[in-house]
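As provided, run.cif (mmCIF, C-alpha atoms) reads as follows.
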data_target
loop_
_atom_site.group_PDB
_atom_site.id
_atom_site.type_symbol
_atom_site.label_atom_id
_atom_site.label_comp_id
_atom_site.auth_asym_id
_atom_site.auth_seq_id
_atom_site.Cartn_x
_atom_site.Cartn_y
_atom_site.Cartn_z
ATOM 1 C CA MET A 26 -1.347 -9.033 15.547
ATOM 2 C CA SER A 27 0.981 -9.960 12.688
ATOM 3 C CA LEU A 28 0.602 -8.389 9.255
ATOM 4 C CA LEU A 29 2.135 -10.142 6.249
ATOM 5 C CA VAL A 30 2.864 -8.283 3.014
ATOM 6 C CA VAL A 31 3.820 -9.983 -0.247
ATOM 7 C CA GLY A 32 5.241 -7.790 -2.994
ATOM 8 C CA SER A 33 8.316 -6.106 -4.410
ATOM 9 C CA VAL A 34 11.477 -5.105 -2.599
ATOM 10 C CA ALA A 35 13.371 -3.206 -5.246
ATOM 11 C CA PHE A 36 15.604 -0.339 -6.308
ATOM 12 C CA ASP A 37 14.392 2.924 -7.830
ATOM 13 C CA SER A 38 15.911 5.942 -9.511
ATOM 14 C CA ILE A 39 13.639 8.988 -9.275
ATOM 15 C CA ARG A 40 13.831 12.368 -10.965
ATOM 16 C CA THR A 41 11.517 15.179 -9.848
ATOM 17 C CA PRO A 42 11.589 19.007 -9.990
ATOM 18 C CA GLN A 43 13.320 18.772 -6.588
ATOM 19 C CA GLY A 44 16.275 16.750 -7.874
ATOM 20 C CA ASP A 45 17.564 13.296 -8.740
ATOM 21 C CA SER A 46 17.578 10.501 -6.165
ATOM 22 C CA GLY A 47 20.192 8.268 -7.746
ATOM 23 C CA ARG A 48 19.766 4.558 -7.042
ATOM 24 C CA ILE A 49 17.726 4.101 -3.863
ATOM 25 C CA LEU A 50 15.765 1.434 -2.017
ATOM 26 C CA GLY A 51 12.147 1.135 -3.166
ATOM 27 C CA GLY A 52 9.422 -1.383 -3.929
ATOM 28 C CA ALA A 53 5.803 -1.619 -2.813
ATOM 29 C CA ALA A 54 6.484 -4.079 0.002
ATOM 30 C CA THR A 55 9.315 -1.896 1.309
ATOM 31 C CA TYR A 56 7.207 1.249 1.650
ATOM 32 C CA PHE A 57 4.278 -0.746 2.994
ATOM 33 C CA SER A 58 6.397 -2.544 5.610
ATOM 34 C CA LEU A 59 8.082 0.589 6.928
ATOM 35 C CA SER A 60 4.765 2.413 7.178
ATOM 36 C CA ALA A 61 2.832 -0.451 8.800
ATOM 37 C CA SER A 62 5.653 -1.163 11.276
ATOM 38 C CA PHE A 63 4.634 1.874 13.327
ATOM 39 C CA PHE A 64 1.362 0.131 14.194
ATOM 40 C CA THR A 65 1.911 -3.636 14.296
ATOM 41 C CA GLN A 66 4.365 -6.506 13.735
ATOM 42 C CA VAL A 67 5.169 -6.795 10.019
ATOM 43 C CA ARG A 68 6.459 -9.733 8.005
ATOM 44 C CA VAL A 69 7.496 -9.526 4.355
ATOM 45 C CA VAL A 70 7.751 -12.076 1.526
ATOM 46 C CA ALA A 71 9.713 -10.900 -1.517
ATOM 47 C CA VAL A 72 12.587 -11.805 -3.840
ATOM 48 C CA VAL A 73 15.827 -9.854 -4.307
ATOM 49 C CA GLY A 74 19.078 -10.271 -6.206
ATOM 50 C CA ASP A 75 22.774 -10.156 -5.347
ATOM 51 C CA ASP A 76 22.686 -6.351 -5.290
ATOM 52 C CA PHE A 77 20.434 -6.308 -2.198
ATOM 53 C CA THR A 78 22.931 -6.024 0.644
ATOM 54 C CA GLN A 79 22.864 -5.970 4.429
ATOM 55 C CA LYS A 80 22.691 -2.167 4.224
ATOM 56 C CA GLU A 81 19.300 -2.295 2.484
ATOM 57 C CA GLU A 82 17.969 -5.085 4.692
ATOM 58 C CA GLN A 83 18.968 -3.128 7.796
ATOM 59 C CA VAL A 84 16.511 -0.400 6.803
ATOM 60 C CA LEU A 85 13.691 -2.890 7.363
ATOM 61 C CA LEU A 86 15.294 -4.537 10.392
ATOM 62 C CA ASN A 87 15.648 -1.153 12.090
ATOM 63 C CA ARG A 88 11.861 -0.921 12.087
ATOM 64 C CA GLY A 89 11.456 -4.455 13.470
ATOM 65 C CA VAL A 90 10.237 -5.929 10.175
ATOM 66 C CA ASP A 91 10.713 -9.702 9.902
ATOM 67 C CA THR A 92 12.724 -10.122 6.676
ATOM 68 C CA SER A 93 13.209 -13.879 6.894
ATOM 69 C CA GLY A 94 10.680 -14.288 4.070
ATOM 70 C CA ILE A 95 12.871 -12.360 1.613
ATOM 71 C CA VAL A 96 14.434 -14.857 -0.799
ATOM 72 C CA ARG A 97 17.804 -14.115 -2.412
ATOM 73 C CA GLN A 98 18.463 -15.333 -5.935
ATOM 74 C CA PRO A 99 21.429 -14.903 -8.309
ATOM 75 C CA GLY A 100 20.914 -11.857 -10.496
ATOM 76 C CA LYS A 101 19.661 -8.306 -10.107
ATOM 77 C CA SER A 102 16.777 -7.015 -8.023
ATOM 78 C CA PHE A 103 13.752 -5.373 -9.630
ATOM 79 C CA PHE A 104 14.656 -1.842 -10.765
ATOM 80 C CA TRP A 105 12.429 1.052 -11.837
ATOM 81 C CA ALA A 106 13.444 4.502 -13.016
ATOM 82 C CA GLY A 107 10.845 7.235 -13.278
ATOM 83 C CA GLU A 108 10.393 10.952 -13.686
ATOM 84 C CA TYR A 109 7.770 13.361 -12.352
ATOM 85 C CA GLY A 110 6.977 16.803 -13.765
ATOM 86 C CA GLU A 111 4.927 19.481 -12.074
ATOM 87 C CA ASN A 112 1.981 17.066 -11.939
ATOM 88 C CA VAL A 113 3.027 14.811 -9.070
ATOM 89 C CA ASN A 114 0.186 12.383 -9.790
ATOM 90 C CA GLU A 115 1.723 11.262 -13.080
ATOM 91 C CA ALA A 116 4.993 9.340 -13.408
ATOM 92 C CA LYS A 117 6.852 8.805 -16.654
ATOM 93 C CA THR A 118 8.629 5.439 -16.695
ATOM 94 C CA LEU A 119 12.202 5.743 -17.962
ATOM 95 C CA ASP A 120 13.365 2.183 -17.362
ATOM 96 C CA THR A 121 12.059 -1.097 -15.949
ATOM 97 C CA GLN A 122 14.293 -4.103 -15.256
ATOM 98 C CA LEU A 123 12.448 -7.039 -13.711
ATOM 99 C CA GLY A 124 15.570 -9.021 -12.804
ATOM 100 C CA VAL A 125 14.836 -11.885 -10.403
ATOM 101 C CA PHE A 126 11.328 -10.485 -9.887
ATOM 102 C CA ALA A 127 10.390 -11.901 -13.313
ATOM 103 C CA SER A 128 10.371 -15.429 -11.852
ATOM 104 C CA PHE A 129 8.908 -14.488 -8.457
ATOM 105 C CA ASN A 130 6.848 -17.390 -7.086
ATOM 106 C CA PRO A 131 6.048 -16.384 -3.509
ATOM 107 C CA GLN A 132 6.003 -19.165 -0.940
ATOM 108 C CA VAL A 133 4.836 -18.174 2.517
ATOM 109 C CA PRO A 134 7.165 -19.585 5.213
ATOM 110 C CA GLU A 135 5.402 -21.919 7.625
ATOM 111 C CA LYS A 136 6.117 -19.590 10.536
ATOM 112 C CA PHE A 137 4.319 -16.730 8.720
ATOM 113 C CA LYS A 138 1.104 -18.666 8.087
ATOM 114 C CA ASP A 139 -0.382 -17.668 11.437
ATOM 115 C CA SER A 140 -0.454 -14.005 10.323
ATOM 116 C CA GLU A 141 -3.985 -12.747 10.877
ATOM 117 C CA TYR A 142 -3.668 -9.878 8.416
ATOM 118 C CA LEU A 143 -2.443 -10.081 4.824
ATOM 119 C CA PHE A 144 -1.716 -7.478 2.171
ATOM 120 C CA LEU A 145 -1.253 -8.529 -1.441
ATOM 121 C CA ALA A 146 0.815 -5.724 -2.950
ATOM 122 C CA ASN A 147 0.855 -4.994 -6.672
ATOM 123 C CA ILE A 148 1.997 -8.236 -8.340
ATOM 124 C CA ASP A 149 0.511 -10.666 -10.881
ATOM 125 C CA PRO A 150 -3.050 -11.504 -9.696
ATOM 126 C CA VAL A 151 -2.315 -15.186 -10.296
ATOM 127 C CA LEU A 152 0.404 -14.931 -7.647
ATOM 128 C CA GLN A 153 -1.881 -12.928 -5.361
ATOM 129 C CA VAL A 154 -4.488 -15.700 -5.467
ATOM 130 C CA ALA A 155 -1.810 -18.356 -4.877
ATOM 131 C CA VAL A 156 -0.605 -16.503 -1.777
ATOM 132 C CA ARG A 157 -4.165 -16.055 -0.538
ATOM 133 C CA LYS A 158 -4.699 -19.814 -0.766
ATOM 134 C CA GLN A 159 -1.606 -20.342 1.407
ATOM 135 C CA MET A 160 -3.146 -18.064 4.049
ATOM 136 C CA ASN A 161 -6.524 -19.634 4.776
ATOM 137 C CA GLY A 162 -6.490 -18.411 8.355
ATOM 138 C CA ALA A 163 -6.125 -14.731 7.493
ATOM 139 C CA ARG A 164 -8.699 -12.601 9.282
ATOM 140 C CA PHE A 165 -8.566 -9.602 6.938
ATOM 141 C CA VAL A 166 -6.980 -9.389 3.472
ATOM 142 C CA GLY A 167 -6.145 -6.231 1.547
ATOM 143 C CA GLY A 168 -5.003 -6.053 -2.051
ATOM 144 C CA ASP A 169 -3.666 -3.712 -4.712
ATOM 145 C CA THR A 170 -3.485 -3.809 -8.504
ATOM 146 C CA MET A 171 -2.687 -1.533 -11.456
ATOM 147 C CA ASN A 172 -3.672 -0.681 -15.037
ATOM 148 C CA TYR A 173 -1.413 -3.353 -16.542
ATOM 149 C CA TRP A 174 -3.271 -6.181 -14.793
ATOM 150 C CA ILE A 175 -6.668 -4.539 -15.317
ATOM 151 C CA ASN A 176 -6.121 -4.212 -19.073
ATOM 152 C CA GLY A 177 -4.569 -7.573 -19.822
ATOM 153 C CA HIS A 178 -5.393 -10.033 -17.036
ATOM 154 C CA ARG A 179 -9.069 -9.521 -16.191
ATOM 155 C CA SER A 180 -9.859 -13.193 -15.634
ATOM 156 C CA ALA A 181 -7.093 -13.692 -13.065
ATOM 157 C CA LEU A 182 -7.839 -10.304 -11.529
ATOM 158 C CA GLY A 183 -11.486 -11.273 -11.181
ATOM 159 C CA GLU A 184 -10.487 -14.261 -9.066
ATOM 160 C CA MET A 185 -8.223 -12.083 -6.937
ATOM 161 C CA LEU A 186 -11.061 -9.634 -6.270
ATOM 162 C CA GLN A 187 -13.156 -12.458 -4.855
ATOM 163 C CA ASN A 188 -10.374 -13.274 -2.395
ATOM 164 C CA VAL A 189 -9.779 -9.887 -0.752
ATOM 165 C CA ASP A 190 -11.731 -8.015 1.894
ATOM 166 C CA ALA A 191 -10.486 -4.590 0.817
ATOM 167 C CA LEU A 192 -9.105 -3.387 -2.518
ATOM 168 C CA LEU A 193 -6.922 -0.256 -2.545
ATOM 169 C CA ILE A 194 -6.611 1.477 -5.944
ATOM 170 C CA ASN A 195 -6.653 5.017 -7.360
ATOM 171 C CA ASP A 196 -9.379 6.913 -9.229
ATOM 172 C CA SER A 197 -8.272 6.058 -12.754
ATOM 173 C CA GLU A 198 -7.791 2.383 -11.882
ATOM 174 C CA ALA A 199 -11.292 2.213 -10.375
ATOM 175 C CA ARG A 200 -12.859 3.759 -13.474
ATOM 176 C CA LEU A 201 -10.857 1.467 -15.753
ATOM 177 C CA LEU A 202 -11.711 -1.639 -13.765
ATOM 178 C CA ALA A 203 -15.421 -0.815 -13.738
ATOM 179 C CA GLN A 204 -15.398 0.648 -17.266
ATOM 180 C CA ASP A 205 -17.463 3.546 -15.978
ATOM 181 C CA PRO A 206 -16.479 7.256 -15.849
ATOM 182 C CA SER A 207 -18.655 7.894 -12.778
ATOM 183 C CA LEU A 208 -16.587 7.202 -9.675
ATOM 184 C CA ALA A 209 -19.654 6.465 -7.526
ATOM 185 C CA ARG A 210 -21.029 3.962 -10.036
ATOM 186 C CA ALA A 211 -17.546 2.533 -10.635
ATOM 187 C CA ALA A 212 -17.112 1.922 -6.915
ATOM 188 C CA GLN A 213 -20.358 -0.045 -6.719
ATOM 189 C CA LYS A 214 -19.426 -2.109 -9.782
ATOM 190 C CA VAL A 215 -16.027 -2.973 -8.282
ATOM 191 C CA LEU A 216 -17.662 -3.976 -4.992
ATOM 192 C CA ASP A 217 -19.975 -6.236 -6.957
ATOM 193 C CA MET A 218 -16.848 -8.040 -8.205
ATOM 194 C CA GLY A 219 -16.022 -9.300 -4.717
ATOM 195 C CA PRO A 220 -14.322 -6.944 -2.233
ATOM 196 C CA LYS A 221 -16.260 -5.971 0.869
ATOM 197 C CA ALA A 222 -14.579 -2.565 0.920
ATOM 198 C CA LEU A 223 -13.003 -0.410 -1.771
ATOM 199 C CA VAL A 224 -10.512 2.314 -0.889
ATOM 200 C CA ILE A 225 -10.075 4.763 -3.751
ATOM 201 C CA LYS A 226 -7.005 6.975 -3.416
ATOM 202 C CA HIS A 227 -7.264 10.489 -4.870
ATOM 203 C CA GLY A 228 -3.565 11.383 -4.638
ATOM 204 C CA GLU A 229 -3.122 14.799 -3.037
ATOM 205 C CA TYR A 230 -6.910 15.020 -2.525
ATOM 206 C CA GLY A 231 -7.254 12.209 0.009
ATOM 207 C CA ALA A 232 -9.135 8.923 -0.246
ATOM 208 C CA THR A 233 -12.660 7.485 -0.048
ATOM 209 C CA VAL A 234 -13.733 4.122 1.302
ATOM 210 C CA PHE A 235 -16.874 2.476 -0.097
ATOM 211 C CA PHE A 236 -18.540 -0.541 1.516
ATOM 212 C CA ARG A 237 -20.571 -3.366 0.057
ATOM 213 C CA ASP A 238 -24.047 -3.437 1.597
ATOM 214 C CA GLY A 239 -23.903 -5.445 4.820
ATOM 215 C CA ALA A 240 -20.109 -5.743 4.821
ATOM 216 C CA PHE A 241 -18.519 -5.992 8.281
ATOM 217 C CA GLY A 242 -21.897 -5.054 9.766
ATOM 218 C CA ILE A 243 -21.005 -1.351 9.616
ATOM 219 C CA GLY A 244 -23.315 0.058 6.939
ATOM 220 C CA ARG A 245 -22.684 0.931 3.312
ATOM 221 C CA HIS A 246 -22.282 4.724 3.482
ATOM 222 C CA PRO A 247 -18.896 5.825 2.095
ATOM 223 C CA PHE A 248 -16.406 7.874 4.099
ATOM 224 C CA ARG A 249 -14.042 10.468 2.672
ATOM 225 C CA ALA A 250 -10.708 11.277 4.310
ATOM 226 C CA PRO A 251 -8.846 14.346 3.044
ATOM 227 C CA THR A 252 -5.100 14.713 3.113
ATOM 228 C CA LEU A 253 -2.848 17.368 4.549
ATOM 229 C CA PRO A 254 -1.619 19.933 2.005
ATOM 230 C CA ILE A 255 2.139 19.432 1.630
ATOM 231 C CA GLU A 256 4.106 22.548 0.710
ATOM 232 C CA GLN A 257 6.683 20.649 -1.304
ATOM 233 C CA VAL A 258 6.310 17.112 -2.618
ATOM 234 C CA THR A 259 9.811 15.758 -3.149
ATOM 235 C CA ASP A 260 8.998 12.229 -4.314
ATOM 236 C CA PRO A 261 5.448 10.832 -4.616
ATOM 237 C CA THR A 262 6.585 7.302 -5.577
ATOM 238 C CA GLY A 263 5.832 5.584 -2.277
ATOM 239 C CA ALA A 264 2.742 7.562 -1.269
ATOM 240 C CA GLY A 265 0.164 4.917 -2.201
ATOM 241 C CA ASP A 266 2.055 2.015 -0.646
ATOM 242 C CA SER A 267 2.738 4.049 2.501
ATOM 243 C CA PHE A 268 -0.975 4.874 2.682
ATOM 244 C CA ALA A 269 -1.747 1.156 2.415
ATOM 245 C CA GLY A 270 0.770 0.402 5.174
ATOM 246 C CA GLY A 271 -0.783 2.932 7.535
ATOM 247 C CA PHE A 272 -4.295 1.745 6.680
ATOM 248 C CA MET A 273 -3.605 -1.980 7.092
ATOM 249 C CA GLY A 274 -1.216 -1.479 9.997
ATOM 250 C CA TYR A 275 -3.791 0.414 12.031
ATOM 251 C CA ILE A 276 -6.521 -2.132 11.280
ATOM 252 C CA ALA A 277 -4.180 -4.933 12.358
ATOM 253 C CA SER A 278 -3.530 -3.116 15.642
ATOM 254 C CA GLN A 279 -7.214 -3.113 16.612
ATOM 255 C CA SER A 280 -9.155 -5.934 18.247
ATOM 256 C CA GLN A 281 -12.382 -5.204 16.356
ATOM 257 C CA LEU A 282 -13.239 -3.985 12.873
ATOM 258 C CA THR A 283 -15.775 -1.173 13.261
ATOM 259 C CA ARG A 284 -16.723 1.850 11.178
ATOM 260 C CA GLU A 285 -14.685 4.064 13.521
ATOM 261 C CA VAL A 286 -11.647 1.808 13.077
ATOM 262 C CA PHE A 287 -12.040 2.092 9.298
ATOM 263 C CA LYS A 288 -12.241 5.889 9.596
ATOM 264 C CA ARG A 289 -9.110 6.119 11.710
ATOM 265 C CA ALA A 290 -7.307 3.695 9.396
ATOM 266 C CA MET A 291 -8.079 6.006 6.470
ATOM 267 C CA PHE A 292 -6.652 8.948 8.386
ATOM 268 C CA TYR A 293 -3.516 7.092 9.453
ATOM 269 C CA GLY A 294 -3.073 5.995 5.848
ATOM 270 C CA GLY A 295 -3.199 9.625 4.778
ATOM 271 C CA VAL A 296 -0.760 10.600 7.506
ATOM 272 C CA MET A 297 1.790 7.981 6.412
ATOM 273 C CA GLY A 298 1.439 8.887 2.741
ATOM 274 C CA SER A 299 1.953 12.567 3.558
ATOM 275 C CA PHE A 300 5.243 11.807 5.319
ATOM 276 C CA ALA A 301 6.521 9.508 2.568
ATOM 277 C CA VAL A 302 6.450 12.232 -0.106
ATOM 278 C CA GLU A 303 8.584 14.647 1.895
ATOM 279 C CA ALA A 304 11.886 13.024 0.845
ATOM 280 C CA PHE A 305 13.228 10.716 -1.830
ATOM 281 C CA GLY A 306 12.491 7.016 -1.443
ATOM 282 C CA THR A 307 12.115 5.686 2.088
ATOM 283 C CA GLU A 308 14.301 8.377 3.663
ATOM 284 C CA ARG A 309 11.485 10.148 5.526
ATOM 285 C CA LEU A 310 9.916 6.909 6.770
ATOM 286 C CA GLN A 311 13.290 5.794 8.094
ATOM 287 C CA LYS A 312 13.612 8.931 10.239
ATOM 288 C CA LEU A 313 9.968 9.125 11.271
ATOM 289 C CA THR A 314 8.882 8.817 14.907
ATOM 290 C CA LYS A 315 5.597 7.755 16.489
ATOM 291 C CA PRO A 316 5.106 11.165 18.170
ATOM 292 C CA GLU A 317 5.372 12.850 14.755
ATOM 293 C CA ILE A 318 2.711 10.484 13.404
ATOM 294 C CA GLU A 319 0.362 11.191 16.304
ATOM 295 C CA GLU A 320 0.867 14.940 16.004
ATOM 296 C CA ARG A 321 0.007 14.923 12.300
ATOM 297 C CA TYR A 322 -2.968 12.652 13.005
ATOM 298 C CA ARG A 323 -4.136 15.238 15.542
ATOM 299 C CA ILE A 324 -3.903 17.951 12.880
ATOM 300 C CA PHE A 325 -5.875 15.784 10.433
ATOM 301 C CA ARG A 326 -8.532 15.272 13.107
ATOM 302 C CA GLU A 327 -8.793 18.964 13.887
ATOM 303 C CA LEU A 328 -9.050 19.865 10.210
ATOM 304 C CA THR A 329 -11.948 17.486 9.682
ATOM 305 C CA HIS A 330 -13.632 17.257 13.093
ATOM 306 C CA LEU A 331 -13.214 13.466 12.935
ATOM 307 C CA GLU A 332 -14.274 13.040 16.553
#

Reformat the file's structure so that it appears as structure tokens.
Amino acid sequence: MSLLVVGSVAFDSIRTPQGDSGRILGGAATYFSLSASFFTQVRVVAVVGDDFTQKEEQVLLNRGVDTSGIVRQPGKSFFWAGEYGENVNEAKTLDTQLGVFASFNPQVPEKFKDSEYLFLANIDPVLQVAVRKQMNGARFVGGDTMNYWINGHRSALGEMLQNVDALLINDSEARLLAQDPSLARAAQKVLDMGPKALVIKHGEYGATVFFRDGAFGIGRHPFRAPTLPIEQVTDPTGAGDSFAGGFMGYIASQSQLTREVFKRAMFYGGVMGSFAVEAFGTERLQKLTKPEIEERYRIFRELTHLE
């Protein structure tokens, strides 16, 4: 099954207690694509500038990602510089340069419109809805958002939430969106806004999936997936997007959507996120192998008695 992701392909510069990355390949759609490519065929729609070369594109091509939906425009690619202290869950933004991303108006190529799975990475909810309308045949749609859109674009975000099957956000975003400090109540309020499932990421503490009553015919009881303790987190930047890639990629690889599939998708998401943080940028995902993924999944399963 084909999985289409629409989002940012960008450059980052990351500083952490473990060092300084310099200018490296980043972007939500990049991390997502590399992660999901271990499970299913991935297609990406994004915009880049003149500074995005064959070297960067080859990173995606090496994993079999279809990059023909990446549009090149004169100018610079989206760039973000950030710094992490000892608290790896909090990033301090040092610089943001939108470049050609400022005028991003994603158009899904005709040959991508048969994709059965769609992930709307963190972009303007107006654009997310526009992409969703281009993909009427999508079987399962996931989406992401952030504080900026929650605070200032609630109307557009509300429409987006009614057009996704699963929303993937973190604890603080869920509380902000629901305007409720209780995570359990916040989850229910977000589900009432439209998504059938809500995946709340807890950073180094795992993730929880909540279901709307009757959704997918699998019951409404939430499921919590822990994460593997990592001795040294080098760069947490791509953890959430890599989680989303593992989660959506596994779902796209399965013929049916059951509670067990959701559970395993949560675990594979955690596995992919745990690998992503072990090196700067996409470096660890580039070197990753399927046997390594399955071995870490086995460890996750043993830790939690999943089966």

**OP:** Select, from A:Ser278, A:Pro261, A:Glu256, A:Ala127, the residue with the minimum atom-to-atom distance to Val302 in chain A, counting all atoms listed in the file.
**Re:** A:Pro261

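Around Ile276 in chain A, within 8 Å and counting only C-alpha atoms, the residues found are A:Phe272, A:Met273, A:Gly274, A:Ser278, A:Gln279, A:Leu282, A:Val286, A:Phe287, A:Ala290, once anything fewer than 2 positions away on its own chain is removed.
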
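Using all atoms listed in the file, the nearest neighbour of Gly32 in chain A within the list A:Leu85, A:Ile49, A:Leu143, A:Ala116 is A:Leu143.
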
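For the atom pair formed by CA of Gly51 in chain A and CA of Arg249 in chain A, the distance is 28.4 Å, given to one decimal.
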
Original post:
When distances are computed from all atoms listed in the file, which of A:Ser197, A:Asp190, A:Gly110, A:Asn147 shows the smallest separation from Ala54 in chain A?
Top reply: A:Asn147

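The nearest approach to Leu192 in chain A among the residues A:Ala269, A:Ala250, A:Leu152, A:Leu208, with only C-alpha atoms taken into account, belongs to A:Ala269.
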